[in-house]
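What follows is the content of target-v8.csv, which has CSV, C-alpha atoms:
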```
chain,number,residue,atom,x,y,z
A,80,MET,CA,123.2,-20.7,-118.9
A,81,THR,CA,121.2,-20.7,-115.7
A,82,ALA,CA,124.3,-20.7,-113.5
A,83,LEU,CA,125.9,-18.0,-115.7
A,84,GLY,CA,122.7,-15.8,-115.4
A,85,THR,CA,122.6,-16.4,-111.7
A,86,GLY,CA,126.2,-15.4,-111.3
A,87,PHE,CA,125.7,-12.3,-113.4
A,88,THR,CA,122.7,-11.2,-111.3
A,89,ARG,CA,124.6,-11.7,-108.1
A,90,SER,CA,127.5,-9.7,-109.4
A,91,ARG,CA,125.3,-6.9,-110.5
A,92,CYS,CA,123.5,-6.8,-107.1
A,93,TRP,CA,126.9,-6.8,-105.3
A,94,LEU,CA,128.2,-3.9,-107.5
A,95,ARG,CA,125.0,-1.9,-106.8
A,96,ALA,CA,125.5,-2.5,-103.1
A,97,HIS,CA,129.1,-1.3,-103.4
A,98,PRO,CA,129.2,1.7,-105.8
A,99,LEU,CA,132.8,2.6,-104.9
A,100,ALA,CA,134.0,-0.8,-106.1
A,101,LEU,CA,132.1,-0.3,-109.3
A,102,ASP,CA,133.6,3.1,-109.9
A,103,ALA,CA,137.1,1.7,-109.2
A,104,ALA,CA,136.5,-1.1,-111.8
A,105,ILE,CA,135.3,1.6,-114.3
A,106,ALA,CA,138.3,3.7,-113.6
A,107,PHE,CA,140.6,0.8,-114.2
A,108,ALA,CA,138.9,-0.1,-117.4
A,109,VAL,CA,139.2,3.6,-118.6
A,110,LEU,CA,142.9,3.5,-117.7
A,111,VAL,CA,143.5,0.4,-119.7
A,112,MET,CA,141.7,1.8,-122.7
A,113,MET,CA,143.6,5.1,-122.5
A,114,VAL,CA,147.0,3.3,-122.2
A,115,ILE,CA,146.1,1.1,-125.2
A,116,GLY,CA,145.0,4.2,-127.2
A,117,SER,CA,148.2,6.0,-126.4
A,118,PHE,CA,150.2,3.6,-128.5
A,119,ALA,CA,148.3,4.6,-131.6
A,120,ASP,CA,149.8,7.4,-133.7
A,121,PRO,CA,147.1,9.4,-135.6
A,122,HIS,CA,149.7,10.6,-138.1
A,123,GLY,CA,151.7,7.4,-138.4
A,124,GLY,CA,151.3,6.8,-142.1
A,125,PRO,CA,149.6,7.9,-145.3
A,126,ASN,CA,146.7,5.5,-144.8
A,127,GLY,CA,145.7,6.8,-141.4
A,128,PRO,CA,146.5,6.1,-137.8
A,129,THR,CA,149.0,3.3,-137.0
A,130,PHE,CA,149.2,1.2,-133.9
A,131,GLY,CA,152.5,0.4,-132.0
A,132,THR,CA,154.6,3.1,-133.8
A,133,ARG,CA,154.9,5.3,-130.7
A,134,THR,CA,155.2,4.9,-126.9
A,135,PRO,CA,153.6,7.3,-124.4
A,136,GLY,CA,155.9,9.4,-122.3
A,137,LEU,CA,156.1,9.4,-118.5
A,138,ARG,CA,154.1,12.6,-118.3
A,139,SER,CA,151.3,11.2,-120.4
A,140,VAL,CA,151.2,8.0,-118.2
A,141,VAL,CA,151.1,10.1,-115.0
A,142,LEU,CA,148.2,12.2,-116.4
A,143,MET,CA,146.3,9.1,-117.6
A,144,VAL,CA,146.7,7.6,-114.1
A,145,LEU,CA,145.6,10.8,-112.4
A,146,GLY,CA,142.6,11.2,-114.7
A,147,SER,CA,141.4,7.6,-114.3
A,148,ALA,CA,142.0,7.6,-110.5
A,149,ALA,CA,139.8,10.7,-110.1
A,150,LEU,CA,136.9,8.7,-111.6
A,151,VAL,CA,136.8,6.5,-108.5
A,152,PHE,CA,135.1,9.5,-106.7
A,153,ARG,CA,132.9,10.5,-109.6
A,154,ARG,CA,129.6,9.8,-107.7
A,155,ARG,CA,130.6,11.6,-104.5
A,156,ARG,CA,132.0,14.8,-106.1
A,157,PRO,CA,130.9,14.8,-109.8
A,158,MET,CA,131.7,18.5,-110.4
A,159,ALA,CA,135.1,18.4,-108.7
A,160,VAL,CA,136.0,15.2,-110.7
A,161,LEU,CA,134.9,16.9,-113.9
A,162,ALA,CA,137.0,20.0,-113.2
A,163,PHE,CA,140.1,17.9,-112.3
A,164,THR,CA,139.9,15.6,-115.4
A,165,GLY,CA,139.3,18.7,-117.5
A,166,VAL,CA,142.5,20.3,-116.2
A,167,VAL,CA,144.4,17.0,-116.7
A,168,THR,CA,143.1,16.8,-120.3
A,169,VAL,CA,144.0,20.4,-121.1
A,170,ALA,CA,147.5,19.8,-119.7
A,171,GLU,CA,147.9,16.7,-122.0
A,172,LEU,CA,146.6,18.6,-125.0
A,173,VAL,CA,149.0,21.5,-124.4
A,174,ALA,CA,152.1,19.4,-123.7
A,175,GLY,CA,151.6,16.2,-125.6
A,176,ASP,CA,152.4,15.9,-129.3
A,177,PRO,CA,150.4,13.9,-130.3
A,178,PRO,CA,148.5,13.9,-127.0
A,179,ALA,CA,147.4,10.7,-125.2
A,180,PRO,CA,143.7,10.1,-125.0
A,181,VAL,CA,143.4,11.5,-121.5
A,182,ALA,CA,140.1,13.2,-122.7
A,183,MET,CA,138.4,9.9,-122.2
A,184,SER,CA,138.4,10.5,-118.4
A,185,ALA,CA,136.8,13.9,-118.9
A,186,VAL,CA,134.1,12.4,-121.1
A,187,ILE,CA,133.2,9.9,-118.3
A,188,ALA,CA,133.2,12.6,-115.7
A,189,LEU,CA,130.9,14.8,-117.9
A,190,TYR,CA,128.6,11.8,-118.4
A,191,THR,CA,128.4,11.4,-114.6
A,192,VAL,CA,127.6,15.1,-114.1
A,193,ALA,CA,124.9,15.0,-116.7
A,194,SER,CA,123.3,11.9,-115.3
A,195,ARG,CA,123.2,13.3,-111.7
A,196,THR,CA,122.1,16.9,-112.2
A,197,ASP,CA,119.3,18.7,-114.0
A,198,ARG,CA,119.1,19.5,-117.7
A,199,PRO,CA,120.0,23.3,-117.5
A,200,THR,CA,123.2,22.4,-115.5
A,201,THR,CA,124.0,19.7,-118.1
A,202,TRP,CA,123.7,22.3,-120.9
A,203,ARG,CA,125.9,24.8,-119.2
A,204,VAL,CA,128.6,22.4,-118.0
A,205,GLY,CA,128.5,20.4,-121.2
A,206,LEU,CA,128.9,23.5,-123.4
A,207,LEU,CA,131.7,24.8,-121.2
A,208,THR,CA,133.6,21.4,-121.3
A,209,MET,CA,133.1,20.9,-125.0
A,210,THR,CA,134.2,24.4,-125.8
A,211,GLY,CA,137.2,24.4,-123.4
A,212,LEU,CA,138.6,21.0,-124.5
A,213,THR,CA,138.0,21.6,-128.2
A,214,ALA,CA,139.6,25.1,-128.0
A,215,ALA,CA,142.7,23.7,-126.2
A,216,ALA,CA,143.1,21.0,-128.8
A,217,MET,CA,142.7,23.5,-131.7
A,218,CYS,CA,145.0,26.1,-130.3
A,219,PHE,CA,147.9,23.8,-129.0
A,220,GLY,CA,147.7,20.8,-131.3
A,221,SER,CA,150.3,20.3,-134.0
A,222,GLY,CA,147.7,19.6,-136.7
A,223,PRO,CA,145.3,22.0,-138.3
A,224,TRP,CA,142.3,23.2,-136.2
A,225,TYR,CA,139.9,21.2,-138.3
A,226,SER,CA,141.7,17.9,-137.8
A,227,GLN,CA,139.6,14.9,-137.0
A,228,GLU,CA,141.3,14.5,-133.5
A,229,ASN,CA,139.9,18.0,-132.6
A,230,LEU,CA,136.5,17.2,-134.0
A,231,GLY,CA,136.6,13.9,-132.2
A,232,ILE,CA,137.1,15.6,-128.8
A,233,PHE,CA,134.1,17.8,-129.6
A,234,ALA,CA,131.9,14.9,-130.6
A,235,TRP,CA,132.9,12.6,-127.7
A,236,THR,CA,132.2,15.3,-125.0
A,237,GLY,CA,128.9,16.0,-126.6
A,238,ILE,CA,128.0,12.3,-126.7
A,239,GLY,CA,129.0,12.0,-123.0
A,240,ALA,CA,126.7,14.9,-122.0
A,241,THR,CA,123.8,13.6,-124.2
A,242,ALA,CA,124.1,10.0,-122.9
A,243,GLY,CA,124.2,11.2,-119.3
A,244,ASP,CA,121.1,13.4,-119.8
A,245,ALA,CA,119.3,10.5,-121.4
A,246,VAL,CA,120.1,8.2,-118.5
A,247,ARG,CA,119.0,10.9,-116.0
A,248,SER,CA,115.7,11.3,-117.9
A,249,ARG,CA,115.1,7.5,-118.0
A,250,ARG,CA,115.9,7.2,-114.3
A,251,ALA,CA,113.5,10.0,-113.4
A,252,PHE,CA,110.8,8.4,-115.6
A,253,VAL,CA,111.3,5.0,-113.8
A,254,ASP,CA,111.2,6.7,-110.4
A,255,ALA,CA,108.0,8.5,-111.4
A,256,ILE,CA,106.4,5.2,-112.5
A,257,ARG,CA,107.5,3.5,-109.3
A,258,GLU,CA,106.2,6.4,-107.1
A,259,ARG,CA,102.9,6.4,-109.0
A,260,ALA,CA,102.5,2.7,-108.5
A,261,GLU,CA,103.3,3.0,-104.8
A,262,ARG,CA,100.8,5.9,-104.5
A,263,ALA,CA,98.2,3.8,-106.3
A,264,GLU,CA,98.9,1.0,-104.0
A,265,ARG,CA,98.5,3.2,-100.9
A,266,THR,CA,95.3,4.7,-102.4
A,267,ARG,CA,93.9,1.3,-103.1
A,268,GLU,CA,94.6,0.2,-99.5
A,269,GLU,CA,93.0,3.4,-98.2
A,270,GLU,CA,90.0,2.9,-100.4
A,271,ALA,CA,89.7,-0.7,-99.2
A,272,ARG,CA,89.8,0.5,-95.6
A,273,ARG,CA,87.2,3.2,-96.3
A,274,ARG,CA,84.9,0.7,-97.9
A,275,VAL,CA,85.3,-1.7,-95.0
A,276,ALA,CA,84.5,1.1,-92.5
A,277,GLU,CA,81.4,2.1,-94.5
A,278,GLU,CA,80.3,-1.5,-94.7
A,279,ARG,CA,80.7,-1.9,-91.0
A,280,LEU,CA,78.7,1.2,-90.4
A,281,ARG,CA,75.9,0.0,-92.7
A,282,ILE,CA,75.8,-3.4,-91.0
A,283,ALA,CA,75.8,-1.8,-87.6
A,284,ARG,CA,73.0,0.5,-88.6
A,285,ASP,CA,70.8,-2.3,-90.1
A,286,LEU,CA,71.4,-4.5,-87.1
A,287,HIS,CA,70.5,-1.6,-84.8
A,288,ASP,CA,67.3,-0.9,-86.7
A,289,VAL,CA,66.3,-4.6,-86.6
A,290,VAL,CA,67.2,-5.3,-83.0
A,291,ALA,CA,66.1,-2.1,-81.4
A,292,HIS,CA,62.6,-2.2,-82.9
A,293,HIS,CA,61.8,-5.8,-82.1
A,294,ILE,CA,63.5,-5.9,-78.7
A,295,ALA,CA,61.6,-2.7,-77.7
A,296,LEU,CA,58.3,-4.4,-78.5
A,297,VAL,CA,59.4,-7.6,-76.7
A,298,ASN,CA,60.3,-5.5,-73.7
A,299,VAL,CA,56.9,-3.7,-73.6
A,300,GLN,CA,54.8,-6.9,-74.2
A,301,ALA,CA,56.9,-8.9,-71.6
A,302,GLY,CA,56.2,-6.1,-69.1
A,303,VAL,CA,52.5,-6.2,-69.8
A,304,ALA,CA,52.4,-10.0,-69.5
A,305,ALA,CA,54.2,-9.9,-66.1
A,306,HIS,CA,51.8,-7.2,-64.9
A,307,VAL,CA,48.5,-9.0,-65.8
A,308,MET,CA,49.7,-12.6,-65.4
A,309,ASP,CA,47.7,-13.2,-62.2
A,310,LYS,CA,44.6,-11.1,-62.7
A,311,ARG,CA,44.1,-11.4,-66.5
A,312,PRO,CA,45.8,-14.5,-67.9
A,313,ASP,CA,44.1,-14.1,-71.2
A,314,GLN,CA,45.6,-10.7,-71.8
A,315,ALA,CA,48.9,-12.1,-70.6
A,316,LYS,CA,48.7,-14.9,-73.2
A,317,GLU,CA,48.0,-12.3,-75.9
A,318,ALA,CA,51.0,-10.3,-74.8
A,319,LEU,CA,53.2,-13.3,-74.8
A,320,ALA,CA,51.9,-14.2,-78.3
A,321,HIS,CA,53.0,-10.7,-79.4
A,322,VAL,CA,56.4,-11.4,-77.8
A,323,ARG,CA,56.7,-14.6,-79.7
A,324,GLU,CA,55.8,-12.9,-83.0
A,325,ALA,CA,58.2,-10.0,-82.4
A,326,SER,CA,61.1,-12.3,-81.5
A,327,ARG,CA,60.3,-14.5,-84.6
A,328,SER,CA,60.4,-11.3,-86.8
A,329,ALA,CA,63.7,-10.3,-85.2
A,330,LEU,CA,65.2,-13.7,-85.8
A,331,ASN,CA,64.1,-13.7,-89.4
A,332,GLU,CA,65.6,-10.3,-90.1
A,333,LEU,CA,68.8,-11.1,-88.3
A,334,ARG,CA,69.0,-14.3,-90.3
A,335,ALA,CA,68.5,-12.4,-93.5
A,336,THR,CA,71.2,-9.9,-92.6
A,337,VAL,CA,73.7,-12.6,-91.6
A,338,GLY,CA,72.8,-14.5,-94.8
A,339,LEU,CA,73.5,-11.4,-96.8
A,340,LEU,CA,77.0,-11.2,-95.2
A,341,ARG,CA,77.7,-14.8,-95.9
A,342,GLN,CA,76.5,-15.0,-99.5
A,343,SER,CA,79.2,-15.5,-102.1
A,344,GLY,CA,77.9,-13.6,-105.2
A,345,ASP,CA,74.6,-15.5,-105.7
A,346,PRO,CA,72.7,-13.3,-108.1
A,347,GLU,CA,69.4,-14.6,-106.7
A,348,ALA,CA,70.3,-13.7,-103.1
A,349,PRO,CA,68.7,-10.6,-101.7
A,350,THR,CA,70.6,-7.4,-102.0
A,351,GLU,CA,69.0,-5.7,-99.0
A,352,PRO,CA,67.7,-7.5,-95.9
A,353,ALA,CA,65.3,-4.7,-94.9
A,354,PRO,CA,61.8,-4.3,-96.4
A,355,GLY,CA,60.3,-1.0,-97.7
A,356,LEU,CA,57.1,1.0,-97.5
A,357,GLY,CA,55.3,-1.8,-99.2
A,358,VAL,CA,55.1,-3.6,-95.8
A,359,LEU,CA,54.5,-0.4,-93.8
A,360,ASP,CA,51.2,-1.6,-92.6
A,361,GLN,CA,52.7,-4.7,-91.1
A,362,LEU,CA,55.3,-2.5,-89.2
A,363,LEU,CA,52.6,-0.2,-87.9
A,364,ASP,CA,50.5,-3.2,-86.7
A,365,THR,CA,53.4,-4.4,-84.6
A,366,PHE,CA,53.4,-1.1,-82.7
A,367,ARG,CA,49.6,-1.1,-82.4
A,368,HIS,CA,49.7,-4.6,-80.9
A,369,ALA,CA,52.3,-3.3,-78.4
A,370,GLY,CA,49.9,-0.6,-77.3
A,371,LEU,CA,51.0,2.4,-79.3
A,372,PRO,CA,48.2,4.0,-81.3
A,373,VAL,CA,49.6,4.9,-84.7
A,374,GLU,CA,47.7,6.8,-87.5
A,375,VAL,CA,48.8,7.1,-91.1
A,376,ALA,CA,48.2,10.4,-92.9
A,377,ARG,CA,47.6,9.8,-96.7
A,378,PRO,CA,50.0,6.9,-97.2
A,379,ASP,CA,48.6,5.9,-100.6
A,380,LYS,CA,47.7,9.3,-102.1
A,381,GLY,CA,51.0,10.9,-100.9
A,382,VAL,CA,53.2,8.3,-102.6
A,383,ALA,CA,51.6,7.1,-105.8
A,384,ALA,CA,54.6,5.8,-107.7
A,385,PRO,CA,57.2,3.4,-106.3
A,386,LEU,CA,60.1,5.0,-104.6
A,387,PRO,CA,63.8,4.2,-105.5
A,388,ALA,CA,65.1,1.3,-103.5
A,389,ALA,CA,67.5,3.4,-101.4
A,390,VAL,CA,64.8,6.0,-100.6
A,391,ASP,CA,62.2,3.3,-99.9
A,392,LEU,CA,64.6,1.5,-97.4
A,393,ALA,CA,65.6,4.8,-95.7
A,394,ALA,CA,62.0,5.9,-95.3
A,395,TYR,CA,61.0,2.6,-93.8
A,396,ARG,CA,64.0,2.6,-91.4
A,397,ILE,CA,63.3,6.2,-90.3
A,398,ILE,CA,59.7,5.4,-89.5
A,399,GLN,CA,60.7,2.2,-87.7
A,400,GLU,CA,63.3,4.0,-85.6
A,401,ALA,CA,61.1,7.0,-84.8
A,402,LEU,CA,58.2,4.8,-83.6
A,403,THR,CA,60.6,2.7,-81.6
A,404,ASN,CA,61.8,5.8,-79.8
A,405,VAL,CA,58.2,6.9,-79.2
A,406,GLN,CA,57.5,3.4,-77.8
A,407,LYS,CA,60.5,3.6,-75.5
A,408,HIS,CA,60.5,7.3,-74.4
A,409,ALA,CA,57.1,9.0,-75.0
A,410,GLY,CA,55.2,7.4,-72.2
A,411,ALA,CA,52.3,5.0,-71.8
A,412,HIS,CA,49.6,7.3,-73.2
A,413,ALA,CA,51.4,8.7,-76.3
A,414,LYS,CA,50.0,8.6,-79.8
A,415,ALA,CA,51.9,8.7,-83.0
A,416,GLU,CA,51.2,9.9,-86.5
A,417,VAL,CA,53.1,8.9,-89.7
A,418,SER,CA,53.1,10.7,-93.0
A,419,VAL,CA,54.9,9.8,-96.2
A,420,VAL,CA,54.3,12.4,-99.0
A,421,ARG,CA,55.9,12.6,-102.4
A,422,VAL,CA,56.8,16.2,-103.3
A,423,GLY,CA,58.4,16.7,-106.7
A,424,SER,CA,61.6,14.6,-106.9
A,425,SER,CA,61.7,13.9,-103.2
A,426,ALA,CA,59.8,12.1,-100.5
A,427,GLU,CA,59.0,13.7,-97.1
A,428,VAL,CA,58.7,11.4,-94.1
A,429,THR,CA,57.2,12.8,-90.9
A,430,VAL,CA,56.7,11.1,-87.6
A,431,ILE,CA,55.1,13.0,-84.7
A,432,ASP,CA,53.9,11.9,-81.3
A,433,SER,CA,51.8,13.5,-78.6
A,434,GLY,CA,54.3,12.9,-75.9
A,435,GLY,CA,53.6,11.6,-72.4
A,436,GLU,CA,56.3,13.3,-70.4
A,437,THR,CA,57.0,17.0,-69.7
A,438,GLU,CA,60.7,16.7,-70.5
A,439,ARG,CA,62.1,14.1,-72.7
A,440,THR,CA,65.4,13.5,-74.7
A,441,GLN,CA,65.6,10.6,-77.0
A,442,SER,CA,68.5,8.4,-76.1
A,443,ALA,CA,69.1,7.8,-79.7
A,444,GLY,CA,69.9,11.5,-80.2
A,445,ASP,CA,73.6,11.6,-80.9
A,446,GLY,CA,75.1,8.6,-79.3
A,447,SER,CA,76.9,10.6,-76.7
A,448,GLU,CA,74.5,9.8,-73.8
A,449,GLY,CA,73.1,6.4,-73.0
A,450,GLY,CA,74.8,4.7,-75.9
A,451,GLY,CA,71.9,5.3,-78.3
A,452,HIS,CA,72.4,5.5,-82.1
A,453,GLY,CA,68.9,5.9,-83.4
A,454,LEU,CA,68.9,9.5,-84.6
A,455,LEU,CA,72.5,9.1,-85.6
A,456,GLY,CA,71.5,6.3,-87.9
A,457,MET,CA,68.7,8.4,-89.3
A,458,ARG,CA,71.1,11.2,-90.0
A,459,GLU,CA,73.5,8.9,-91.7
A,460,ARG,CA,70.8,7.4,-93.9
A,461,VAL,CA,69.5,10.8,-94.9
A,462,THR,CA,72.9,12.3,-95.5
A,463,ALA,CA,73.9,9.4,-97.7
A,464,LEU,CA,71.0,10.3,-99.9
A,465,GLY,CA,71.8,14.1,-99.9
A,466,GLY,CA,68.6,14.9,-97.9
A,467,THR,CA,67.8,16.8,-94.7
A,468,LEU,CA,66.7,15.7,-91.3
A,469,THR,CA,65.0,17.8,-88.7
A,470,THR,CA,64.3,16.5,-85.2
A,471,GLY,CA,63.1,18.2,-82.1
A,472,PRO,CA,60.3,18.8,-79.5
A,473,ARG,CA,57.0,20.0,-80.7
A,474,TYR,CA,55.2,23.0,-79.4
A,475,GLY,CA,52.7,21.9,-76.8
A,476,GLY,CA,54.5,18.6,-76.2
A,477,GLY,CA,55.7,15.6,-78.1
A,478,PHE,CA,58.5,15.1,-80.6
A,479,ARG,CA,58.8,15.5,-84.3
A,480,VAL,CA,61.0,13.7,-86.9
A,481,HIS,CA,60.9,15.2,-90.4
A,482,ALA,CA,63.1,13.8,-93.2
A,483,ILE,CA,63.3,15.0,-96.9
A,484,LEU,CA,64.7,12.2,-99.1
A,485,PRO,CA,65.6,13.3,-102.7
A,486,PHE,CA,65.5,10.6,-105.3
A,487,LYS,CA,68.9,11.6,-106.6
A,488,ALA,CA,71.7,12.5,-104.1
A,489,ARG,CA,73.1,16.1,-104.5
A,490,PRO,CA,76.9,15.9,-105.0
A,491,GLY,CA,78.8,17.4,-102.1
A,492,ASP,CA,75.7,17.9,-100.0
A,493,ASN,CA,76.6,16.6,-96.5
A,494,THR,CA,75.4,19.5,-94.4
A,495,GLY,CA,71.7,19.4,-95.0
A,496,GLU,CA,70.6,18.2,-91.6
A,497,THR,CA,69.5,19.9,-88.4
A,498,ALA,CA,68.6,18.7,-85.0
```
Could you express the structure from this file as structure tokens?
Amino acid sequence: MTALGTGFTRSRCWLRAHPLALDAAIAFAVLVMMVIGSFADPHGGPNGPTFGTRTPGLRSVVLMVLGSAALVFRRRRPMAVLAFTGVVTVAELVAGDPPAPVAMSAVIALYTVASRTDRPTTWRVGLLTMTGLTAAAMCFGSGPWYSQENLGIFAWTGIGATAGDAVRSRRAFVDAIRERAERAERTREEEARRRVAEERLRIARDLHDVVAHHIALVNVQAGVAAHVMDKRPDQAKEALAHVREASRSALNELRATVGLLRQSGDPEAPTEPAPGLGVLDQLLDTFRHAGLPVEVARPDKGVAAPLPAAVDLAAYRIIQEALTNVQKHAGAHAKAEVSVVRVGSSAEVTVIDSGGETERTQSAGDGSEGGGHGLLGMRERVTALGGTLTTGPRYGGGFRVHAILPFKARPGDNTGETA
């Protein structure tokens, strides 16, 4: 049974690859059935048709051969083949008495037209073929117009058209399912690529926040230690201690980030490597130890209730990045002020500095100069929450970063940021 099934599958695949050979085989089978049917006499006896009581004439044989031969080209020229077989059938109906079953070739041709065209065309062509062949049989046949042979031509042509339309509908349905599956596959792949790109962006943003902050502190403290190493070794040791503490914090956060990437679905593993406003004081202390005076305006009264996790993380990162930019760009005598205030269903985060230079652009502005990505990361965080971000110089000197973070993202709000 396995060998038989394999052979049948191979034969079917070969016939699909060679449609002309398949049509030739069908044409030959139709010719054989027409020749066999031509030996039957529908009026041979009182009990109905008899077989072997008559022999088809030369004209009938020629018409049967021509009708079946035309079916070889039924896929290439379905309308022309239908017209030709229809003419051959009418010729046999007019001249033959009783006629040979040449109408079988017209039925196959009508099936092909119905299976390869649309439904309105099938209706028009089918009705025309049924009407024409049935009228020819009724008008030129030797029997009465209501004889079963005439009704049989009407029925068989209708069956051919109906079967062809059903095959066309099923083929269209299967093609639609296949197209939908392919489109779903493409959409799934695009969605996977989009998620990968978003995850890469999130990882890059977190790593930038972690590394930029701590490396900036390490750079400042290392410069202080190098400057006072000879004259004030105690202050140099203190600066080096801050360098060690900042590097240790950077390593811990990097380890947490990498560990998050490596985890395999452990429910107890952390879902975010970054802290929130609960450890804001520790963050500000690192900047104060680095020599940047930082004041906090109403941190406890402004935000009484805990913030959502995403807002809490975004607020922390915005403060961290803004103070890092102040540390790197505002000058040695700059001062900073941080404010986190809850207003209705949103949190407002403000970081301002007094400035130490007459003209200053933060290298983290847009990523187009200097390779910075600080403000770009801020904007991405704020936009992801549906909030607004305003950054720019302050009147009288300094720089201001102001972010409004709603607790629920507004759908379709991706343009709520200014710079």
Nearest-residue call for A:Tyr474, choices A:Ala301, A:Ile431, A:Leu359, A:Ala283, using all atoms listed in the file | A:Ile431
Please indicate the distance in Å from atom CA of A:Gly357 to atom CA of A:Ala411, rounded to one decimal place.
->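 Interatomic distance, atom CA of A:Gly357 to atom CA of A:Ala411: 28.4 Å.
For the pair atom CA of A:Gly243 and atom CA of A:Glu228, the interatomic distance is 22.5 Å.
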Residue among A:Ile232, A:Ala463, A:Leu189, A:Met457 lying closest to A:Ala214, counting only C-alpha atoms |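 Among A:Ile232, A:Ala463, A:Leu189, A:Met457, it is A:Ile232 that comes nearest to A:Ala214.
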Distance atom CA of A:Thr241-atom CA of A:Gly205, one decimal place?
->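 Computed distance, atom CA of A:Thr241 to atom CA of A:Gly205, equals 8.8 Å.
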Per residue of stretch 221-263 of chain A within 12 Å of stretch 150-173 of chain A, record the nearest atom pair and its distance in Å to one decimal, counting all atoms listed in the file, with rows in chain order and ascending residue number, as a Markdown table.
```
| residue | atom | partner | partner_atom | distance |
| --- | --- | --- | --- | --- |
| A:Ser221 | CA | A:Val173 | CA | 9.8 |
| A:Gly222 | CA | A:Leu172 | CA | 11.8 |
| A:Glu228 | CA | A:Leu172 | CA | 10.8 |
| A:Asn229 | CA | A:Leu172 | CA | 10.1 |
| A:Ile232 | CA | A:Thr168 | CA | 10.5 |
| A:Thr236 | CA | A:Gly165 | CA | 10.9 |
| A:Gly239 | CA | A:Leu161 | CA | 11.9 |
| A:Ala240 | CA | A:Leu161 | CA | 11.7 |
```
For stretch 415-421 of chain A: contacts at 10 Å, all atoms listed in the file, fewer than 4 positions along chain excluded, given as a PyMOL selection string | chain A and resi 356+363+366+371-384+386+394-395+398+401-402+405-406+409+425-434+477-485
Using C-alpha atoms, can you write the selected residues to a file as a PDB file, in the frame of the given file?
```
ATOM      1  CA  LEU A 356      57.100   1.000 -97.500  1.00  0.00           C
ATOM      2  CA  LEU A 363      52.600  -0.200 -87.900  1.00  0.00           C
ATOM      3  CA  PHE A 366      53.400  -1.100 -82.700  1.00  0.00           C
ATOM      4  CA  LEU A 371      51.000   2.400 -79.300  1.00  0.00           C
ATOM      5  CA  PRO A 372      48.200   4.000 -81.300  1.00  0.00           C
ATOM      6  CA  VAL A 373      49.600   4.900 -84.700  1.00  0.00           C
ATOM      7  CA  GLU A 374      47.700   6.800 -87.500  1.00  0.00           C
ATOM      8  CA  VAL A 375      48.800   7.100 -91.100  1.00  0.00           C
ATOM      9  CA  ALA A 376      48.200  10.400 -92.900  1.00  0.00           C
ATOM     10  CA  ARG A 377      47.600   9.800 -96.700  1.00  0.00           C
ATOM     11  CA  PRO A 378      50.000   6.900 -97.200  1.00  0.00           C
ATOM     12  CA  ASP A 379      48.600   5.900-100.600  1.00  0.00           C
ATOM     13  CA  LYS A 380      47.700   9.300-102.100  1.00  0.00           C
ATOM     14  CA  GLY A 381      51.000  10.900-100.900  1.00  0.00           C
ATOM     15  CA  VAL A 382      53.200   8.300-102.600  1.00  0.00           C
ATOM     16  CA  ALA A 383      51.600   7.100-105.800  1.00  0.00           C
ATOM     17  CA  ALA A 384      54.600   5.800-107.700  1.00  0.00           C
ATOM     18  CA  LEU A 386      60.100   5.000-104.600  1.00  0.00           C
ATOM     19  CA  ALA A 394      62.000   5.900 -95.300  1.00  0.00           C
ATOM     20  CA  TYR A 395      61.000   2.600 -93.800  1.00  0.00           C
ATOM     21  CA  ILE A 398      59.700   5.400 -89.500  1.00  0.00           C
ATOM     22  CA  ALA A 401      61.100   7.000 -84.800  1.00  0.00           C
ATOM     23  CA  LEU A 402      58.200   4.800 -83.600  1.00  0.00           C
ATOM     24  CA  VAL A 405      58.200   6.900 -79.200  1.00  0.00           C
ATOM     25  CA  GLN A 406      57.500   3.400 -77.800  1.00  0.00           C
ATOM     26  CA  ALA A 409      57.100   9.000 -75.000  1.00  0.00           C
ATOM     27  CA  SER A 425      61.700  13.900-103.200  1.00  0.00           C
ATOM     28  CA  ALA A 426      59.800  12.100-100.500  1.00  0.00           C
ATOM     29  CA  GLU A 427      59.000  13.700 -97.100  1.00  0.00           C
ATOM     30  CA  VAL A 428      58.700  11.400 -94.100  1.00  0.00           C
ATOM     31  CA  THR A 429      57.200  12.800 -90.900  1.00  0.00           C
ATOM     32  CA  VAL A 430      56.700  11.100 -87.600  1.00  0.00           C
ATOM     33  CA  ILE A 431      55.100  13.000 -84.700  1.00  0.00           C
ATOM     34  CA  ASP A 432      53.900  11.900 -81.300  1.00  0.00           C
ATOM     35  CA  SER A 433      51.800  13.500 -78.600  1.00  0.00           C
ATOM     36  CA  GLY A 434      54.300  12.900 -75.900  1.00  0.00           C
ATOM     37  CA  GLY A 477      55.700  15.600 -78.100  1.00  0.00           C
ATOM     38  CA  PHE A 478      58.500  15.100 -80.600  1.00  0.00           C
ATOM     39  CA  ARG A 479      58.800  15.500 -84.300  1.00  0.00           C
ATOM     40  CA  VAL A 480      61.000  13.700 -86.900  1.00  0.00           C
ATOM     41  CA  HIS A 481      60.900  15.200 -90.400  1.00  0.00           C
ATOM     42  CA  ALA A 482      63.100  13.800 -93.200  1.00  0.00           C
ATOM     43  CA  ILE A 483      63.300  15.000 -96.900  1.00  0.00           C
ATOM     44  CA  LEU A 484      64.700  12.200 -99.100  1.00  0.00           C
ATOM     45  CA  PRO A 485      65.600  13.300-102.700  1.00  0.00           C
TER      46      PRO A 485
END
```
Contacts of A:Arg198 at 10 Å or less, counting only C-alpha atoms, minus same-chain residues fewer than 2 places along, as a list in words?
->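 Neighbouring residues, sequence-local ones excluded: Ala193, Ser194, Arg195, Thr196, Thr200, Thr201, Trp202, Arg203, Val204, Ala240, Thr241, Gly243, Asp244, Ala245, Arg247 and Ser248 of chain A.
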